[in-house]
file entry_10.csv (CSV, C-alpha atoms and all ligand atoms)
chain,number,residue,atom,x,y,z
A,11,MET,CA,190.9,-64.1,234.7
A,12,SER,CA,191.9,-61.3,232.3
A,13,ALA,CA,193.2,-61.9,228.9
A,14,PRO,CA,196.5,-60.0,228.5
A,15,SER,CA,196.5,-57.6,225.6
A,16,LYS,CA,199.1,-57.8,222.9
A,17,VAL,CA,201.4,-55.5,225.0
A,18,GLY,CA,200.5,-56.7,228.5
A,19,VAL,CA,198.0,-53.9,229.5
A,20,GLN,CA,194.6,-55.3,230.6
A,21,LEU,CA,192.5,-52.4,231.8
A,22,VAL,CA,192.7,-48.7,230.8
A,23,VAL,CA,190.0,-46.3,231.8
A,24,ILE,CA,189.3,-43.0,230.1
A,25,ASP,CA,186.8,-40.5,231.6
A,26,GLY,CA,186.0,-36.9,230.6
A,27,PRO,CA,183.2,-34.6,229.4
A,28,ALA,CA,181.2,-35.0,226.2
A,29,GLY,CA,183.0,-34.0,223.0
A,30,ALA,CA,186.5,-34.2,224.6
A,31,GLY,CA,187.5,-37.0,222.2
A,32,LYS,CA,187.2,-39.9,224.6
A,33,THR,CA,185.4,-42.2,222.1
A,34,THR,CA,187.8,-41.7,219.3
A,35,ILE,CA,190.8,-42.2,221.5
A,36,ALA,CA,189.3,-45.2,223.3
A,37,ARG,CA,188.6,-46.9,220.0
A,38,ARG,CA,192.1,-46.3,218.7
A,39,LEU,CA,193.7,-47.3,221.9
A,40,ALA,CA,191.7,-50.5,222.2
A,41,ARG,CA,192.7,-51.4,218.7
A,42,HIS,CA,196.3,-50.7,219.4
A,43,LEU,CA,196.3,-52.8,222.6
A,44,GLY,CA,194.2,-55.6,221.2
A,45,LEU,CA,191.6,-55.1,223.9
A,46,PRO,CA,187.8,-54.9,223.7
A,47,LEU,CA,186.2,-51.4,223.9
A,48,LEU,CA,183.6,-50.7,226.6
A,49,ASP,CA,181.7,-47.6,225.7
A,50,THR,CA,179.6,-47.0,228.8
A,51,GLY,CA,177.9,-43.9,227.4
A,52,ALA,CA,176.4,-46.2,224.8
A,53,ILE,CA,174.8,-48.2,227.7
A,54,TYR,CA,173.1,-45.2,229.1
A,55,ARG,CA,172.0,-44.1,225.6
A,56,ALA,CA,170.6,-47.6,224.9
A,57,LEU,CA,168.7,-47.5,228.1
A,58,ALA,CA,167.2,-44.1,227.2
A,59,LEU,CA,166.2,-45.5,223.8
A,60,VAL,CA,164.6,-48.6,225.2
A,61,ALA,CA,162.7,-46.5,227.8
A,62,ARG,CA,161.4,-44.2,225.1
A,63,ARG,CA,160.2,-47.1,223.0
A,64,ARG,CA,158.5,-48.8,226.0
A,65,GLY,CA,156.9,-45.6,227.2
A,66,VAL,CA,158.9,-45.4,230.4
A,67,SER,CA,159.6,-41.8,231.4
A,68,TRP,CA,163.2,-40.6,231.6
A,69,ASP,CA,162.4,-39.5,235.2
A,70,ASP,CA,160.9,-42.8,236.4
A,71,GLU,CA,163.8,-44.1,238.5
A,72,ASP,CA,162.2,-47.4,239.5
A,73,GLY,CA,160.9,-48.2,236.0
A,74,LEU,CA,164.3,-47.3,234.5
A,75,ALA,CA,166.2,-49.3,237.1
A,76,ARG,CA,164.0,-52.4,236.2
A,77,LEU,CA,164.8,-51.9,232.5
A,78,ALA,CA,168.5,-51.4,233.3
A,79,GLN,CA,168.6,-54.6,235.4
A,80,ASP,CA,167.8,-56.7,232.3
A,81,LEU,CA,169.2,-54.5,229.5
A,82,PRO,CA,170.2,-57.0,226.8
A,83,ILE,CA,173.0,-54.9,225.4
A,84,ARG,CA,175.8,-56.3,223.3
A,85,PHE,CA,178.7,-54.7,221.5
A,86,GLY,CA,180.2,-55.7,218.2
A,87,GLY,CA,184.0,-55.9,217.7
A,88,LEU,CA,186.1,-52.9,216.8
A,89,PRO,CA,185.8,-51.5,213.3
A,90,ALA,CA,188.2,-52.7,210.6
A,91,PRO,CA,191.8,-51.2,210.7
A,92,GLU,CA,191.1,-49.2,207.5
A,93,GLU,CA,188.2,-47.5,209.2
A,94,PRO,CA,189.6,-46.8,212.7
A,95,ASP,CA,187.0,-44.2,213.6
A,96,ALA,CA,183.9,-46.1,212.4
A,97,ALA,CA,181.3,-46.6,215.2
A,98,GLN,CA,181.3,-49.8,217.2
A,99,THR,CA,178.1,-51.7,216.5
A,100,VAL,CA,175.6,-51.8,219.4
A,101,TRP,CA,172.6,-54.2,219.8
A,102,VAL,CA,169.8,-54.3,222.3
A,103,GLY,CA,168.5,-57.9,222.0
A,104,ASP,CA,168.4,-58.5,218.2
A,105,ASP,CA,167.9,-54.9,217.4
A,106,GLU,CA,170.9,-53.0,216.1
A,107,VAL,CA,170.8,-49.5,217.6
A,108,THR,CA,174.2,-48.1,216.6
A,109,THR,CA,172.9,-45.0,214.8
A,110,GLU,CA,169.7,-44.5,216.7
A,111,ILE,CA,171.5,-44.0,220.1
A,112,ARG,CA,173.6,-41.1,218.6
A,113,THR,CA,170.9,-38.5,218.1
A,114,ALA,CA,170.8,-35.3,220.2
A,115,GLU,CA,167.5,-36.4,221.7
A,116,ILE,CA,168.8,-39.7,223.0
A,117,ALA,CA,172.0,-37.9,224.2
A,118,GLU,CA,169.7,-35.8,226.3
A,119,GLY,CA,167.8,-38.8,227.5
A,120,ALA,CA,171.1,-40.6,228.4
A,121,SER,CA,172.1,-37.6,230.5
A,122,ARG,CA,168.8,-37.6,232.3
A,123,VAL,CA,168.6,-41.3,233.1
A,124,SER,CA,172.3,-41.4,234.1
A,125,ALA,CA,171.6,-38.8,236.8
A,126,LEU,CA,169.4,-41.3,238.7
A,127,PRO,CA,171.2,-43.3,241.4
A,128,GLY,CA,169.0,-46.3,241.0
A,129,VAL,CA,169.9,-46.5,237.3
A,130,ARG,CA,173.6,-46.2,238.0
A,131,ARG,CA,173.4,-49.0,240.7
A,132,ALA,CA,171.5,-51.2,238.3
A,133,LEU,CA,174.1,-50.8,235.6
A,134,LEU,CA,177.2,-51.3,237.8
A,135,ASP,CA,177.4,-55.1,237.6
A,136,LEU,CA,176.7,-55.1,233.9
A,137,GLN,CA,179.6,-52.7,233.2
A,138,ARG,CA,182.0,-54.7,235.4
A,139,ALA,CA,180.9,-57.9,233.8
A,140,LEU,CA,181.4,-56.5,230.3
A,141,GLY,CA,184.9,-55.3,231.2
A,142,ALA,CA,185.9,-58.3,233.3
A,143,LYS,CA,188.2,-59.8,230.7
A,144,GLY,CA,190.1,-56.6,230.2
A,145,CYS,CA,189.2,-53.6,228.2
A,146,VAL,CA,189.6,-50.0,227.4
A,147,ALA,CA,186.6,-48.5,229.3
A,148,GLU,CA,185.3,-45.0,228.6
A,149,GLY,CA,182.7,-42.9,230.4
A,150,ARG,CA,182.4,-40.5,233.3
A,151,ASP,CA,183.0,-42.6,236.4
A,152,MET,CA,185.2,-45.4,235.2
A,153,GLY,CA,188.2,-44.4,237.3
A,154,THR,CA,186.2,-43.3,240.3
A,155,VAL,CA,183.4,-45.9,240.7
A,156,VAL,CA,183.2,-48.7,238.1
A,157,PHE,CA,186.9,-49.6,238.0
A,158,PRO,CA,188.5,-47.7,240.9
A,159,ASP,CA,191.5,-50.2,240.9
A,160,ALA,CA,192.3,-49.7,237.2
A,161,PRO,CA,196.1,-49.5,236.8
A,162,PHE,CA,195.9,-46.8,234.1
A,163,LYS,CA,193.5,-43.9,234.4
A,164,PHE,CA,193.1,-41.0,232.0
A,165,PHE,CA,190.9,-37.9,232.2
A,166,VAL,CA,190.5,-36.4,228.8
A,167,THR,CA,189.2,-32.9,228.4
A,168,ALA,CA,189.1,-29.9,226.0
A,169,ALA,CA,187.9,-26.3,225.8
A,170,LEU,CA,184.1,-26.0,225.5
A,171,GLY,CA,184.2,-24.3,222.1
A,172,GLU,CA,186.3,-27.1,220.7
A,173,ARG,CA,184.2,-29.8,222.2
A,174,ALA,CA,181.1,-28.2,220.7
A,175,ALA,CA,182.6,-28.1,217.2
A,176,ARG,CA,183.6,-31.8,217.4
A,177,ARG,CA,180.2,-32.8,218.7
A,178,ARG,CA,178.5,-30.9,215.9
A,179,ALA,CA,180.7,-32.6,213.3
A,180,ASP,CA,179.9,-36.0,214.9
A,181,LEU,CA,176.1,-35.3,214.7
A,182,GLY,CA,176.5,-34.3,211.1
A,183,ALA,CA,178.3,-37.5,210.3
A,184,THR,CA,175.5,-39.7,211.7
A,185,ALA,CA,173.2,-38.0,209.1
A,186,VAL,CA,170.2,-38.3,211.5
A,187,GLY,CA,168.0,-35.2,211.0
A,188,ASP,CA,169.4,-31.7,210.2
A,189,GLN,CA,172.8,-30.6,211.6
A,190,PRO,CA,172.1,-28.3,214.5
A,191,SER,CA,173.8,-24.9,214.9
A,192,LEU,CA,177.1,-24.6,216.8
A,193,ALA,CA,175.4,-22.3,219.3
A,194,LEU,CA,172.7,-25.0,220.0
A,195,VAL,CA,175.3,-27.8,220.3
A,196,ARG,CA,177.3,-25.6,222.7
A,197,ALA,CA,174.3,-24.8,224.9
A,198,ASP,CA,173.4,-28.5,224.9
A,199,LEU,CA,176.9,-29.5,226.0
A,200,GLU,CA,177.0,-26.9,228.7
A,201,SER,CA,173.7,-28.1,230.2
A,202,ARG,CA,174.8,-31.8,229.9
A,203,ASP,CA,178.2,-31.0,231.5
A,204,ALA,CA,176.4,-29.2,234.3
A,205,ARG,CA,174.1,-32.1,235.0
A,206,ASP,CA,176.8,-34.8,234.6
A,207,SER,CA,179.1,-32.9,237.0
A,208,THR,CA,176.7,-31.8,239.7
A,209,ARG,CA,174.5,-35.0,240.0
A,210,SER,CA,174.8,-36.6,243.4
A,211,ALA,CA,175.4,-40.1,242.1
A,212,ALA,CA,178.9,-40.7,240.6
A,213,PRO,CA,179.3,-37.3,239.0
A,214,LEU,CA,181.8,-36.6,236.2
A,215,ALA,CA,185.0,-36.3,238.2
A,216,ARG,CA,188.7,-36.9,237.8
A,217,ALA,CA,190.0,-39.7,239.9
A,218,ASP,CA,192.9,-38.5,242.1
A,219,ASP,CA,195.3,-40.9,240.3
A,220,ALA,CA,194.1,-40.1,236.7
A,221,VAL,CA,196.4,-38.4,234.2
A,222,VAL,CA,194.7,-35.3,232.7
A,223,ILE,CA,195.1,-34.8,229.0
A,224,ASP,CA,193.8,-31.5,227.4
A,225,THR,CA,193.0,-32.4,223.8
A,226,THR,CA,192.1,-28.9,222.7
A,227,ALA,CA,195.2,-28.5,220.5
A,228,LEU,CA,195.8,-32.1,219.8
A,229,ASP,CA,194.7,-34.4,217.0
A,230,PRO,CA,193.7,-38.0,217.9
A,231,GLN,CA,197.1,-39.4,217.1
A,232,GLY,CA,198.7,-36.8,219.3
A,233,VAL,CA,196.5,-37.9,222.2
A,234,LEU,CA,197.1,-41.6,221.5
A,235,ASP,CA,200.9,-41.0,221.5
A,236,LEU,CA,200.7,-39.3,224.9
A,237,ILE,CA,198.7,-42.1,226.4
A,238,LEU,CA,201.0,-44.8,224.9
A,239,ARG,CA,204.0,-43.0,226.3
A,240,ARG,CA,202.4,-43.2,229.7
A,241,LEU,CA,201.6,-46.9,229.3
A,242,HIS,CA,204.9,-48.1,227.8
A,243,GLY,CA,207.3,-45.4,227.1
A,244,PRO,CA,207.6,-44.1,223.5
A,245,PRO,CA,205.0,-45.4,221.0
A,246,ARG,CA,206.1,-48.2,218.7
A,247,SER,CA,204.1,-47.2,215.6
B,301,LIG,O1,179.7,-40.3,226.4
B,301,LIG,P1,178.3,-40.2,225.9
B,301,LIG,O2,178.0,-38.8,225.4
B,301,LIG,O3,177.9,-41.3,225.0
B,301,LIG,O4,177.4,-40.4,227.3
B,301,LIG,C1,176.0,-40.2,227.2
B,301,LIG,C2,175.5,-39.8,228.6
B,301,LIG,O5,175.7,-40.8,229.6
B,301,LIG,C3,176.2,-38.5,229.2
B,301,LIG,O6,175.3,-37.5,229.4
B,301,LIG,C4,176.8,-38.9,230.5
B,301,LIG,C5,176.3,-40.3,230.8
B,301,LIG,N1,177.3,-41.2,231.2
B,301,LIG,C6,177.5,-41.4,232.5
B,301,LIG,O7,176.8,-40.7,233.3
B,301,LIG,N2,178.4,-42.3,233.0
B,301,LIG,C7,179.1,-43.0,232.1
B,301,LIG,N3,180.0,-43.8,232.6
B,301,LIG,C8,179.0,-42.8,230.7
B,301,LIG,C9,178.1,-41.9,230.3

call {"tool": "encode", "arguments": {"input": "entry_10.csv", "output": "structure tokens", "more": "lines below"}}
Ligand code: DC
result
Amino acid sequence: MSAPSKVGVQLVVIDGPAGAGKTTIARRLARHLGLPLLDTGAIYRALALVARRRGVSWDDEDGLARLAQDLPIRFGGLPAPEEPDAAQTVWVGDDEVTTEIRTAEIAEGASRVSALPGVRRALLDLQRALGAKGCVAEGRDMGTVVFPDAPFKFFVTAALGERAARRRADLGATAVGDQPSLALVRADLESRDARDSTRSAAPLARADDAVVIDTTALDPQGVLDLILRRLHGPPRS
């Protein structure tokens, strides 16, 4: 049984490439609708982190699938209204990993482990269970594989240069290590995009029934307004 949100919407999925603004939008939308947020990228990131800590290689499909099967990941609630873009807290067991999973190294690991079919299979039920009571789910294959029957699907994208600039600002904001150059972030995004889009298992792809939103020239509120218009007609706030 799904808990209806404040405005009657129970499941919204948002897919798209890295740096397109999915996380910011998903957070704000979840808050607006009164639904939990399911950040599935954080699940792949947490798996990459746990693997690194346990000495399991990011190429060891069976070892990773075993870790994924029992990944004790938990998400905190949404940030306070006065800090709408603050990160959602993430735990693995009793260990809070909110900041650690946001480094460039773990992003690379997440992209590598998420390309392995055995890992994706092992995480499918977990994602569905976490979203079972209704949520705003964001990732790469929410509309195509994890929640193919979702009534509202969005595919959020933006020009590569803009995505690189946003991702670099995010990395700077986490204050983990030195801020990398724009060229480096751009090259990194390009190779992650290529891997995320060309892998055989659930590649980044737009569901046929997803609404595409190009966020290149939009601020988060502009994107949120577009989505809310699709969900309910004109936004109320
Ligand atoms: O959205 P993100 O940057 O936190 O995602 C980290 C990596 O996980 C990214 O390279 C793609 C992968 N991912 C995926 O394959 N499927 C998802 N549903 C979410 C993320």

call {"tool": "residues_near_ligand", "arguments": {"input": "entry_10.csv", "ligand": "ligand LIG 301 (chain B)", "cutoff": "9 Å", "atoms": "all atoms listed in the file", "output": "JSON, numbers by chain"}}
result
{"A": [25, 26, 27, 28, 29, 32, 33, 49, 50, 51, 52, 53, 54, 55, 111, 112, 116, 117, 118, 119, 120, 121, 122, 123, 124, 125, 130, 137, 147, 148, 149, 150, 151, 152, 156, 199, 202, 203, 205, 206, 207, 211, 212, 213, 214]}

call {"tool": "residues_around", "arguments": {"input": "entry_10.csv", "residues": "stretch 71-87 of chain A", "least_positions_apart": "3", "cutoff": "6 Å", "atoms": "all atoms listed in the file", "output": "list in words"}}
result
Thr99, Val100, Trp101, Val102, Gly103, Gly128, Val129 and Ala132 of chain A

call {"tool": "atom_distance", "arguments": {"input": "entry_10.csv", "atom1": "atom CA of A:Ala217", "atom2": "atom CA of A:Glu172"}}
result
23.3 Å

call {"tool": "residues_around", "arguments": {"input": "entry_10.csv", "residues": "A:Val195", "least_positions_apart": "2", "cutoff": "8 Å", "atoms": "all atoms listed in the file", "output": "ChimeraX atom specification"}}
result
/A:174-175,177-178,190-193,197-199

call {"tool": "residues_near_point", "arguments": {"input": "entry_10.csv", "point": "(183.5, -40.6, 214.1)", "cutoff": "6 Å", "atoms": "only C-alpha atoms", "output": "PyMOL selection string"}}
result
chain A and resi 95-96+180

call {"tool": "closest_residue", "arguments": {"input": "entry_10.csv", "among": "A:Asp218, A:Asp104, A:Val19, A:Arg173", "to": "A:Ala40", "atoms": "all atoms listed in the file"}}
result
A:Val19

call {"tool": "atom_distance", "arguments": {"input": "entry_10.csv", "atom1": "atom CA of A:Ile35", "atom2": "atom CA of A:Val233"}}
result
7.2 Å

call {"tool": "atom_distance", "arguments": {"input": "entry_10.csv", "atom1": "atom CA of A:Thr34", "atom2": "atom CA of A:Ala61"}}
result
26.9 Å

call {"tool": "closest_residue", "arguments": {"input": "entry_10.csv", "among": "A:Ala179, A:Val22, A:Leu228, A:Ala204", "to": "A:Leu43", "atoms": "only C-alpha atoms"}}
result
A:Val22

call {"tool": "residues_around", "arguments": {"input": "entry_10.csv", "residues": "A:Ala168", "least_positions_apart": "4", "cutoff": "6 Å", "atoms": "all atoms listed in the file", "output": "MDAnalysis selection string"}}
result
chainID A and resid 30 224:226

call {"tool": "write_last_selection", "arguments": {"input": "entry_10.csv", "atoms": "C-alpha atoms", "output": "PDB file, in the coordinates of the input"}}
result
ATOM      1  CA  ALA A  30     186.500 -34.200 224.600  1.00  0.00           C
ATOM      2  CA  ASP A 224     193.800 -31.500 227.400  1.00  0.00           C
ATOM      3  CA  THR A 225     193.000 -32.400 223.800  1.00  0.00           C
ATOM      4  CA  THR A 226     192.100 -28.900 222.700  1.00  0.00           C
TER       5      THR A 226
END

call {"tool": "closest_residue", "arguments": {"input": "entry_10.csv", "among": "A:Pro46, A:Gln189, A:Leu241, A:Arg62", "to": "A:Gly141", "atoms": "all atoms listed in the file"}}
result
A:Pro46

call {"tool": "closest_residue", "arguments": {"input": "entry_10.csv", "among": "A:Thr167, A:Gln20, A:Ser210, A:Thr154", "to": "A:Leu126", "atoms": "only C-alpha atoms"}}
result
A:Ser210

call {"tool": "closest_residue", "arguments": {"input": "entry_10.csv", "among": "A:Leu170, A:Ala36, A:Leu21, A:Ala97", "to": "A:Ser201", "atoms": "all atoms listed in the file"}}
result
A:Leu170

call {"tool": "closest_residue", "arguments": {"input": "entry_10.csv", "among": "A:Phe157, A:Leu140, A:Arg63, A:Leu134", "to": "A:Leu47", "atoms": "all atoms listed in the file"}}
result
A:Leu140
